[in-house]
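Colleague: Just passing along the structure, written as structure tokens.
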There are 4 protein chains.
Amino acid sequence: MTIRTGVVGAGIMGADHAENLARNIGGSTLACVADIDGERVKAAASALGARAVTDPLELIHDDGVDAVVIASHDSTHPELVQACLEAGKPVLCEKPLASTAHEARRIVEAERAVRDERGVSLVSVGFMRRFDPGHVELRRALAEGGLGRPLLVHGISRNVSAAPGATSESAVTNSAIHELDAFPWLLDSPIAEVSWVPGVLASSEAGPGLQDPAFMMIRLRSGVLATLELFLNAGHGYSTQCEVVGERGTARVVEPAAAAYNVERKNYVEYPADWRPRFAEAYRRELQAWIRHLLEGTPSSLARAEDGLRATLAADAMVRSMHDGGAFTPVAA
Amino acid sequence: MTIRTGVVGAGIMGADHAENLARNIGGSTLACVADIDGERVKAAASALGARAVTDPLELIHDDGVDAVVIASHDSTHPELVQACLEAGKPVLCEKPLASTAHEARRIVEAERAVRDERGVSLVSVGFMRRFDPGHVELRRALAEGGLGRPLLVHGISRNVSAAPGATSESAVTNSAIHELDAFPWLLDSPIAEVSWVPGVLASSEAGPGLQDPAFMMIRLRSGVLATLELFLNAGHGYSTQCEVVGERGTARVVEPAAAAYNVERKNYVEYPADWRPRFAEAYRRELQAWIRHLLEGTPSSLARAEDGLRATLAADAMVRSMHDGGAFTPVAA
Amino acid sequence: MTIRTGVVGAGIMGADHAENLARNIGGSTLACVADIDGERVKAAASALGARAVTDPLELIHDDGVDAVVIASHDSTHPELVQACLEAGKPVLCEKPLASTAHEARRIVEAERAVRDERGVSLVSVGFMRRFDPGHVELRRALAEGGLGRPLLVHGISRNVSAAPGATSESAVTNSAIHELDAFPWLLDSPIAEVSWVPGVLASSEAGPGLQDPAFMMIRLRSGVLATLELFLNAGHGYSTQCEVVGERGTARVVEPAAAAYNVERKNYVEYPADWRPRFAEAYRRELQAWIRHLLEGTPSSLARAEDGLRATLAADAMVRSMHDGGAFTPVAA
Amino acid sequence: MTIRTGVVGAGIMGADHAENLARNIGGSTLACVADIDGERVKAAASALGARAVTDPLELIHDDGVDAVVIASHDSTHPELVQACLEAGKPVLCEKPLASTAHEARRIVEAERAVRDERGVSLVSVGFMRRFDPGHVELRRALAEGGLGRPLLVHGISRNVSAAPGATSESAVTNSAIHELDAFPWLLDSPIAEVSWVPGVLASSEAGPGLQDPAFMMIRLRSGVLATLELFLNAGHGYSTQCEVVGERGTARVVEPAAAAYNVERKNYVEYPADWRPRFAEAYRRELQAWIRHLLEGTPSSLARAEDGLRATLAADAMVRSMHDGGAFTPVAA
């Protein structure tokens, strides 16, 4: 048996998901791709032997589509997730689940209603750090106990350059949100309060309204303090680092590098230019786990609607801290 | 469309392949598993929803099986590959394709006969280093030219402990054979001659008849000299290293490690105990490329019967050098 | 010509300095060692062919002593430095120069009075990070400009276990004080304000009155934000890390390790148990630079009395922040 | 008490030694520098406050010189060492001690005659790998036993570019000779036989008469097999690597790097352009150990005349192997 999937959005992220679902994921076939750009979707779908549509609702209601991946513009996420729920179809929505806590909460409630009837979880959220081999191994190491009780986490998230129009707020809600999901997942404790440290020197590349780099502190309910450097215009390479400091030792993510070079007086490994090579394996594993979950009904290891809501609430608190001089700000329940 | 696969052999290697083909490979389903041990094959197959048989020929001739993976005892490989060829079914045979050059040559000829009629290649050989991300990146780097003309290769292949009954000869034909395929593939030049250096000090763990570690030299037709340390009882961990030295720089494989640790005065990454974690990704990519090739008819990137024959001929020459005091020994054409 | 040195204090630090000055520093001989423990000083001095005294003032006034190193208990530093100034002898005082800003300021003023007369600087402070090859290379890299304008610094300082009786305050004044000198030296900008982040989870090893680990923020007048994890009971090893993040790249200190090992499934380098192996080379270079300065009158690269005062003022501000809920607290001029 | 030293040769190596002996070595002063180039020696000596002479014998017989370092042209070494022996002055001779085994043997015999009378060793040879922290730690690790019985050694020695006029023979006698001393010292077993592997592909930079890279095998009397890649025109950087493979684990030299960088998509450490930064610490420790030995009469850890002779004999055997098609060639006793 296979899951016939549909992907909404034929941009970079959607095209990658579509190719994976068509070719590299066991138990999956790609039935349909939707994008408002008719040319783009035709090119993407035909190369993969899938149907192309311009209306995402047509895809969602297609009888030949069993499950939906949403990788269209952020603003469309809540409405499309709701449509999937109404159609009774499992959906994997790229982050963020919703731009406001209100919308995220409505999705959680809508899913609960469906879940009550059918006993399954329908909404998954694309927080792929949960499938990054490095983050997974850190979580395993913490659970095994060799590091002792965790005390601190240091995260670093660097991009080569910020997306056009990025603001201090969108840096939190679009980028830091990954760590706002990953840290509580890694440490198994929800976020209690957050602080966005003001007055950090900005890169010359940062446009108006963008504090870059930003430095944040995230305190979990367990008491663990996590710190996060988020630097969108880091220039030198795409990098996602994480070190957990425990009472008896530390563990840190090793970023994937297949080869090392000795050239021109340097002994080096290369950084990717963006997130795709860095998280290619995480995305594949995430999709495979999702399909496996749908086929076999085993417990899902993907982030769920509640996780998407929690991350949005934490991002809200972070933006409030930003507007409030950096005070530690509690995350709403 | 999917390829309905059958796996012959439900040992460690076969079980891993079966699980991948059942769960993790796009375009594949697992139809059947064969193993002479009835209990073992039932356990393996039922967990994956596949049929279990004890006769490999039954699997090969099963109309519900489109393609076959052979991971049974080395001695069975030639006969089972021939049976697949007779049945007109694509086969991916674990290395070695055959224990003797004679048998390997017969397979090449048999495949050629079939190929003449149908225009496709039917036999693939499981030399998974060709799909290891590190080896793939080295090959790409060499092709791109930044390292300059290649001059030397240094390979190291270490196991934790030798298989029971291992001999100096089987160390070549079962273990070093990976490099005897990988080096010419990496450097795009066939092996001209080989030397098995005599008189190396043996590990206390080496049994009678086993020279361990062994040190070998492999000269390609291009003139590149490759060296290989093969150490089956290395004890400290499973490791496969490779560095290519070019006129302008070098590139070396980075062995995969997802996390690094600081514990008990050590800053470390861990070695696996055997080849499975080291090459898990290579095996998955190999199977995926095979299925993709079968589905789409695109050129195969797997080792072919001719490669299997060439590696066997190189291993033969290496064993002759071993029995001849280490002289450089030409590889038969 | 050689400088005849005297060392006050025959504890671990003093004994190391004495041995270096007796054996490993060009242009230096060791004339005398002083310690209130008569047995200890006799043992230390006789092994190095030096005179032993129990009264530090006797050493300072000894005509056979040209220059003095002070490595006795912290509480004795100001009085002994003043005695050296009165005797007109150059002094290298281990950190801290003084426990209070008042005392440090008095030393600065006393030295200025002497300097007015003789035109030389007499007081140096043992902030050895200024001679650590890693920190020196970071400073050089920043000056050369390849990293672009510096924006952030991340420091980590970990010990295996806290000294008996350590408190949150002494962790700042005795340990973090190294970074309070190193960061402004590295970035060439004085500290403007500091914050000691409250509410960090404490290690089980931390005694009453000791917040361990501690997390601090240090803002330089240039706007650069430096962060510091100080973890005295880190258990896993002694480690001093530093990364500078610039607009075009980052540089980090590589901790010295002469060899790497593959043993028992681990690929590792070792951590030292305490600061001495970590900073052995820095201490030697510091002493050599000091002797060179005294012999040749070339500009000193050691920390001076003013630097000692500035570090003490920054530590004072950090302790005030600690007692004030973590607010950013300006450093007094 | 100090040793008043004289340095013969004011080229790169001699000037570095002179500066160290004048400034950075405890117990040493620099009295005199000799070089046939009058301008060069005046410049070198005056900057260090030493006397300049153009006749090395004048330096050797100078009553104000207690001990002599020879860093002049290789061809002058034997005669100058003999002159030191006749003058009864300790001498540290840069490698090679002599270009022929005959000359080296004469020095050994001459020193023995003097030693018989005075009970001390007068001749040291500048094999500085014996003081490289990495090599020293490997030797210590082997002695401690954690690696088990040593079986193999892999050495790599790469330069950026060969000296003008370098030949295959001089590559052995001038460069590989370091390893011909280091390997037996490291493993505590003399060299039994050597092989210079013929037919290695040459770099385009290699001139006529120069096989570069070269690959050699060195078998110790203990049975350990050492391999050596020597690549003078490696281009990408100066690098001296060594890994010892034992029954229970391996240890490898970590090349010194004070900082690591993230710039332009690369995470790197830098290679030096030549041997001086790589072995700066080794040279300093070697000179310090020599002065210490002369001052205190403690056992010398420097290579001695006999070691210089042994390395020359091994180089002779390697050149014979080179001229004899690569056969394993015994080293003369």
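Ligands are numbered from 1 in the order shown, chains are lettered A, B, ... in the order of the structure tokens, and residues start at 1 in each chain.
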Can I get the residues of segment 161-278 of chain C within 12 Å of segment 185-207 of chain A, each with the closest pair of atoms and their distance in Å to one decimal, using only C-alpha atoms, sorted chain first then ascending number, as a Markdown table?
Modeller:
| residue | atom | partner | partner_atom | distance |
| --- | --- | --- | --- | --- |
| C:Glu193 | CA | A:Gly199 | CA | 11.6 |
| C:Ser195 | CA | A:Val197 | CA | 10.9 |
| C:Val197 | CA | A:Ser195 | CA | 10.9 |
| C:Gly199 | CA | A:Glu193 | CA | 11.5 |
| C:Met217 | CA | A:Val197 | CA | 9.8 |
| C:Ile218 | CA | A:Val200 | CA | 11.0 |
| C:Arg219 | CA | A:Val200 | CA | 8.7 |
| C:Leu220 | CA | A:Leu201 | CA | 10.3 |
| C:Arg221 | CA | A:Leu201 | CA | 10.8 |
| C:Ser222 | CA | A:Leu201 | CA | 8.6 |
| C:Gly223 | CA | A:Leu201 | CA | 5.5 |
| C:Val224 | CA | A:Leu201 | CA | 6.0 |
| C:Leu225 | CA | A:Val200 | CA | 6.2 |
| C:Ala226 | CA | A:Val200 | CA | 9.7 |
| C:Thr227 | CA | A:Val197 | CA | 11.3 |
| C:Val245 | CA | A:Ser203 | CA | 10.6 |
| C:Gly246 | CA | A:Ser203 | CA | 8.5 |
| C:Glu247 | CA | A:Ser203 | CA | 6.0 |
| C:Arg248 | CA | A:Ser203 | CA | 9.4 |
| C:Gly249 | CA | A:Ser203 | CA | 11.6 |
Colleague: Taking N, CA, C and O atoms for each residue, export the selection above as a PDB file, in the first residue's frame.
Modeller:
ATOM      1  N   GLU C 193      29.419  48.064  29.997  1.00  0.00           N
ATOM      2  CA  GLU C 193      28.460  47.594  30.998  1.00  0.00           C
ATOM      3  C   GLU C 193      28.418  46.077  30.977  1.00  0.00           C
ATOM      4  O   GLU C 193      28.781  45.445  29.986  1.00  0.00           O
ATOM      5  N   SER C 195      26.293  42.345  32.589  1.00  0.00           N
ATOM      6  CA  SER C 195      25.091  41.742  33.187  1.00  0.00           C
ATOM      7  C   SER C 195      25.384  40.313  33.591  1.00  0.00           C
ATOM      8  O   SER C 195      25.941  39.536  32.818  1.00  0.00           O
ATOM      9  N   VAL C 197      23.497  37.101  34.408  1.00  0.00           N
ATOM     10  CA  VAL C 197      22.131  36.617  34.191  1.00  0.00           C
ATOM     11  C   VAL C 197      21.675  35.752  35.372  1.00  0.00           C
ATOM     12  O   VAL C 197      22.301  34.744  35.684  1.00  0.00           O
ATOM     13  N   GLY C 199      19.185  33.296  37.802  1.00  0.00           N
ATOM     14  CA  GLY C 199      18.248  32.187  37.659  1.00  0.00           C
ATOM     15  C   GLY C 199      18.773  31.027  36.840  1.00  0.00           C
ATOM     16  O   GLY C 199      17.996  30.191  36.385  1.00  0.00           O
ATOM     17  N   MET C 217      26.967  38.673  30.419  1.00  0.00           N
ATOM     18  CA  MET C 217      27.068  39.444  29.178  1.00  0.00           C
ATOM     19  C   MET C 217      27.933  40.665  29.442  1.00  0.00           C
ATOM     20  O   MET C 217      27.806  41.305  30.498  1.00  0.00           O
ATOM     21  N   ILE C 218      28.798  40.981  28.493  1.00  0.00           N
ATOM     22  CA  ILE C 218      29.759  42.071  28.647  1.00  0.00           C
ATOM     23  C   ILE C 218      29.670  42.923  27.392  1.00  0.00           C
ATOM     24  O   ILE C 218      29.926  42.427  26.295  1.00  0.00           O
ATOM     25  N   ARG C 219      29.265  44.167  27.567  1.00  0.00           N
ATOM     26  CA  ARG C 219      29.156  45.029  26.391  1.00  0.00           C
ATOM     27  C   ARG C 219      30.337  46.001  26.369  1.00  0.00           C
ATOM     28  O   ARG C 219      30.587  46.701  27.343  1.00  0.00           O
ATOM     29  N   LEU C 220      31.036  46.023  25.230  1.00  0.00           N
ATOM     30  CA  LEU C 220      32.164  46.935  25.099  1.00  0.00           C
ATOM     31  C   LEU C 220      31.677  48.295  24.627  1.00  0.00           C
ATOM     32  O   LEU C 220      30.568  48.423  24.105  1.00  0.00           O
ATOM     33  N   ARG C 221      32.533  49.276  24.816  1.00  0.00           N
ATOM     34  CA  ARG C 221      32.142  50.615  24.393  1.00  0.00           C
ATOM     35  C   ARG C 221      31.911  50.664  22.884  1.00  0.00           C
ATOM     36  O   ARG C 221      31.091  51.446  22.389  1.00  0.00           O
ATOM     37  N   SER C 222      32.585  49.830  22.125  1.00  0.00           N
ATOM     38  CA  SER C 222      32.394  49.780  20.662  1.00  0.00           C
ATOM     39  C   SER C 222      31.032  49.215  20.280  1.00  0.00           C
ATOM     40  O   SER C 222      30.637  49.262  19.126  1.00  0.00           O
ATOM     41  N   GLY C 223      30.318  48.635  21.266  1.00  0.00           N
ATOM     42  CA  GLY C 223      29.032  48.036  20.980  1.00  0.00           C
ATOM     43  C   GLY C 223      29.080  46.520  20.887  1.00  0.00           C
ATOM     44  O   GLY C 223      28.043  45.862  20.917  1.00  0.00           O
ATOM     45  N   VAL C 224      30.269  45.961  20.764  1.00  0.00           N
ATOM     46  CA  VAL C 224      30.376  44.501  20.697  1.00  0.00           C
ATOM     47  C   VAL C 224      29.797  43.884  21.971  1.00  0.00           C
ATOM     48  O   VAL C 224      30.091  44.338  23.074  1.00  0.00           O
ATOM     49  N   LEU C 225      28.965  42.847  21.790  1.00  0.00           N
ATOM     50  CA  LEU C 225      28.426  42.107  22.933  1.00  0.00           C
ATOM     51  C   LEU C 225      29.203  40.813  23.092  1.00  0.00           C
ATOM     52  O   LEU C 225      29.284  40.005  22.161  1.00  0.00           O
ATOM     53  N   ALA C 226      29.768  40.610  24.275  1.00  0.00           N
ATOM     54  CA  ALA C 226      30.449  39.347  24.568  1.00  0.00           C
ATOM     55  C   ALA C 226      29.623  38.568  25.576  1.00  0.00           C
ATOM     56  O   ALA C 226      29.021  39.145  26.478  1.00  0.00           O
ATOM     57  N   THR C 227      29.546  37.258  25.386  1.00  0.00           N
ATOM     58  CA  THR C 227      28.844  36.403  26.342  1.00  0.00           C
ATOM     59  C   THR C 227      29.871  35.472  26.966  1.00  0.00           C
ATOM     60  O   THR C 227      30.882  35.137  26.358  1.00  0.00           O
ATOM     61  N   VAL C 245      32.864  36.811  16.382  1.00  0.00           N
ATOM     62  CA  VAL C 245      32.000  36.786  15.209  1.00  0.00           C
ATOM     63  C   VAL C 245      32.063  38.144  14.531  1.00  0.00           C
ATOM     64  O   VAL C 245      31.677  39.158  15.120  1.00  0.00           O
ATOM     65  N   GLY C 246      32.588  38.160  13.320  1.00  0.00           N
ATOM     66  CA  GLY C 246      32.679  39.402  12.573  1.00  0.00           C
ATOM     67  C   GLY C 246      31.690  39.417  11.425  1.00  0.00           C
ATOM     68  O   GLY C 246      31.000  38.429  11.155  1.00  0.00           O
ATOM     69  N   GLU C 247      31.642  40.546  10.747  1.00  0.00           N
ATOM     70  CA  GLU C 247      30.673  40.686   9.653  1.00  0.00           C
ATOM     71  C   GLU C 247      30.951  39.736   8.496  1.00  0.00           C
ATOM     72  O   GLU C 247      30.046  39.370   7.762  1.00  0.00           O
ATOM     73  N   ARG C 248      32.207  39.365   8.312  1.00  0.00           N
ATOM     74  CA  ARG C 248      32.535  38.510   7.173  1.00  0.00           C
ATOM     75  C   ARG C 248      32.992  37.116   7.577  1.00  0.00           C
ATOM     76  O   ARG C 248      33.191  36.259   6.696  1.00  0.00           O
ATOM     77  N   GLY C 249      33.176  36.890   8.872  1.00  0.00           N
ATOM     78  CA  GLY C 249      33.618  35.563   9.278  1.00  0.00           C
ATOM     79  C   GLY C 249      33.858  35.504  10.768  1.00  0.00           C
ATOM     80  O   GLY C 249      33.692  36.508  11.475  1.00  0.00           O
TER      81      GLY C 249
END
Colleague: Can you list every residue in segment 81-264 of chain A that DSSP puts in alpha helix (DSSP H), as a PyMOL selection string?
Modeller: chain A and resi 81-87+101-118+133-144+168-170+177-187
Colleague: State, in Å with one decimal place, the distance from atom CA of Glu144 of chain D to atom CA of Asp181 of chain D.
Modeller: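 Taking atom CA of Glu144 of chain D as the start and atom CA of Asp181 of chain D as the end point, the length is 21.4 Å.
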Colleague: Neighbours of Ala333 of chain D within 12 Å (only C-alpha atoms; same-chain residues fewer than 4 positions away dropped), as JSON, numbers by chain?
Modeller: {"D": [101, 105, 190, 191, 192, 193, 221, 306, 307, 309, 310, 311, 312, 313, 314, 316, 317]}
Colleague: Write out as JSON, numbers by chain which residues come within 12 Å of Ile291 of chain A when counting only C-alpha atoms, dropping same-chain ones fewer than 4 positions away.
Modeller: {"A": [1, 2, 3, 4, 5, 20, 21, 24, 25, 26, 27, 28, 29, 30, 66, 67, 68, 69, 90, 91, 92, 124, 284, 285, 286, 287, 295, 296, 297, 298, 299, 300, 301, 302], "B": [23, 24, 25, 26]}
Colleague: Restrict the distance test to only C-alpha atoms, flag each residue of chain D within 9 Å of chain A, and return the flagged residues as a ChimeraX atom specification.
Modeller: /D:160,235-238,262-273
Colleague: Keeping only N, CA, C and O atoms, write those residues as a JSON list (two decimals), in the first residue's frame.
Modeller:
[["chain", "number", "residue", "atom", "x", "y", "z"],
["D", 160, "VAL", "N", 55.78, 22.86, 0.60],
["D", 160, "VAL", "CA", 55.07, 23.62, -0.43],
["D", 160, "VAL", "C", 55.79, 23.48, -1.77],
["D", 160, "VAL", "O", 55.16, 23.21, -2.79],
["D", 235, "GLY", "N", 52.54, 21.92, -2.56],
["D", 235, "GLY", "CA", 51.80, 23.12, -2.94],
["D", 235, "GLY", "C", 50.84, 23.62, -1.87],
["D", 235, "GLY", "O", 50.86, 24.79, -1.50],
["D", 236, "HIS", "N", 50.01, 22.73, -1.36],
["D", 236, "HIS", "CA", 48.93, 23.24, -0.50],
["D", 236, "HIS", "C", 49.38, 23.65, 0.90],
["D", 236, "HIS", "O", 48.62, 24.32, 1.61],
["D", 237, "GLY", "N", 50.59, 23.25, 1.32],
["D", 237, "GLY", "CA", 51.02, 23.66, 2.65],
["D", 237, "GLY", "C", 52.09, 22.76, 3.22],
["D", 237, "GLY", "O", 52.28, 21.64, 2.73],
["D", 238, "TYR", "N", 52.76, 23.26, 4.24],
["D", 238, "TYR", "CA", 53.79, 22.47, 4.92],
["D", 238, "TYR", "C", 53.11, 21.61, 5.98],
["D", 238, "TYR", "O", 52.38, 22.13, 6.83],
["D", 262, "ASN", "N", 36.05, 30.63, 10.19],
["D", 262, "ASN", "CA", 34.90, 30.46, 9.31],
["D", 262, "ASN", "C", 34.86, 31.65, 8.37],
["D", 262, "ASN", "O", 34.46, 32.75, 8.78],
["D", 263, "VAL", "N", 35.31, 31.47, 7.16],
["D", 263, "VAL", "CA", 35.30, 32.56, 6.19],
["D", 263, "VAL", "C", 35.01, 31.97, 4.81],
["D", 263, "VAL", "O", 35.50, 30.88, 4.48],
["D", 264, "GLU", "N", 34.23, 32.67, 4.03],
["D", 264, "GLU", "CA", 33.98, 32.29, 2.63],
["D", 264, "GLU", "C", 33.64, 30.83, 2.46],
["D", 264, "GLU", "O", 34.30, 30.10, 1.70],
["D", 265, "ARG", "N", 32.63, 30.38, 3.18],
["D", 265, "ARG", "CA", 32.12, 29.00, 3.07],
["D", 265, "ARG", "C", 33.09, 27.93, 3.55],
["D", 265, "ARG", "O", 32.86, 26.75, 3.27],
["D", 266, "LYS", "N", 34.15, 28.31, 4.21],
["D", 266, "LYS", "CA", 35.10, 27.31, 4.69],
["D", 266, "LYS", "C", 35.28, 27.41, 6.19],
["D", 266, "LYS", "O", 35.36, 28.49, 6.75],
["D", 267, "ASN", "N", 35.35, 26.25, 6.83],
["D", 267, "ASN", "CA", 35.70, 26.13, 8.25],
["D", 267, "ASN", "C", 37.10, 25.55, 8.25],
["D", 267, "ASN", "O", 37.28, 24.38, 7.92],
["D", 268, "TYR", "N", 38.11, 26.37, 8.60],
["D", 268, "TYR", "CA", 39.48, 25.93, 8.35],
["D", 268, "TYR", "C", 40.49, 26.29, 9.42],
["D", 268, "TYR", "O", 40.26, 27.18, 10.23],
["D", 269, "VAL", "N", 41.59, 25.54, 9.40],
["D", 269, "VAL", "CA", 42.82, 25.96, 10.06],
["D", 269, "VAL", "C", 43.86, 26.14, 8.96],
["D", 269, "VAL", "O", 43.74, 25.55, 7.89],
["D", 270, "GLU", "N", 44.86, 26.94, 9.24],
["D", 270, "GLU", "CA", 45.85, 27.27, 8.21],
["D", 270, "GLU", "C", 47.09, 26.39, 8.30],
["D", 270, "GLU", "O", 47.49, 25.97, 9.38],
["D", 271, "TYR", "N", 47.69, 26.14, 7.14],
["D", 271, "TYR", "CA", 49.01, 25.51, 7.09],
["D", 271, "TYR", "C", 50.06, 26.59, 6.98],
["D", 271, "TYR", "O", 49.85, 27.61, 6.31],
["D", 272, "PRO", "N", 51.22, 26.36, 7.58],
["D", 272, "PRO", "CA", 52.31, 27.30, 7.35],
["D", 272, "PRO", "C", 52.91, 27.06, 5.96],
["D", 272, "PRO", "O", 52.68, 26.04, 5.32],
["D", 273, "ALA", "N", 53.69, 28.04, 5.52],
["D", 273, "ALA", "CA", 54.33, 27.95, 4.21],
["D", 273, "ALA", "C", 55.63, 27.15, 4.28],
["D", 273, "ALA", "O", 56.08, 26.61, 3.28]]
Colleague: Which residues come within 9 Å of Gln241 of chain C, counting only C-alpha atoms, excluding same-chain residues fewer than 3 positions away, as a ChimeraX atom specification?
Modeller: /C:154-158,252-255
Colleague: Please compute the atom CA of Ala251 of chain A-atom CA of Leu147 of chain A distance, one decimal, in Å.
Modeller: 7.6 Å
Colleague: When you look at Val53 of chain D with a cut-off of 10 Å (counting only C-alpha atoms), what residues show up, excluding the ones that are within fewer than 3 positions of it in the same chain? I need them as a ChimeraX atom specification.
Modeller: /D:8,32-38,41-42,45,50,56-59
Colleague: Put those residues in a file: C-alpha atoms, as an mmCIF file, in the first residue's frame.
Modeller:
data_model
loop_
_atom_site.group_PDB
_atom_site.id
_atom_site.type_symbol
_atom_site.label_atom_id
_atom_site.label_comp_id
_atom_site.auth_asym_id
_atom_site.auth_seq_id
_atom_site.Cartn_x
_atom_site.Cartn_y
_atom_site.Cartn_z
ATOM 1 C CA VAL D 8 77.970 29.097 12.752
ATOM 2 C CA CYS D 32 79.308 35.147 18.537
ATOM 3 C CA VAL D 33 77.884 34.437 15.077
ATOM 4 C CA ALA D 34 79.974 33.279 12.119
ATOM 5 C CA ASP D 35 79.138 33.391 8.423
ATOM 6 C CA ILE D 36 81.219 33.678 5.298
ATOM 7 C CA ASP D 37 78.923 36.495 4.168
ATOM 8 C CA GLY D 38 80.317 39.419 6.137
ATOM 9 C CA VAL D 41 76.665 38.061 9.761
ATOM 10 C CA LYS D 42 77.171 41.638 10.878
ATOM 11 C CA ALA D 45 74.953 39.492 15.202
ATOM 12 C CA ALA D 50 76.863 39.357 19.634
ATOM 13 C CA PRO D 56 83.886 29.630 11.756
ATOM 14 C CA LEU D 57 87.132 28.328 13.239
ATOM 15 C CA GLU D 58 87.665 31.696 14.901
ATOM 16 C CA LEU D 59 84.290 31.271 16.559
#
Colleague: May I have all residues of segment 35-137 of chain A that DSSP, computed from the backbone, assigns to strand (DSSP E or B), given as a list in words?
Modeller: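 Restricting segment 35-137 of chain A to strand (DSSP E or B) produces Arg51, Ala52, Val53, Ala67, Val68, Val69, Ile70, Val91, Leu92, Cys93, Glu94, Val123, Ser124, Val125 and Gly126 of chain A.
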Colleague: Please compute the atom CA of Cys242 of chain B-atom CA of Val153 of chain B distance, one decimal, in Å.
Modeller: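 Separation of atom CA of Cys242 of chain B and atom CA of Val153 of chain B: 7.0 Å.
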Colleague: Applying 10 Å and only C-alpha atoms, which residues near Ala141 of chain A remain after dropping the ones on its own chain fewer than 4 positions away? List them as a list of chain:residue names.
Modeller: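 The filter keeps A:His135, A:Val136, A:Glu137, A:Gly145, A:Gly146, A:Leu147, A:Gly148, A:Val244, A:Thr250, A:Ala251, B:Ala259, B:Tyr261.
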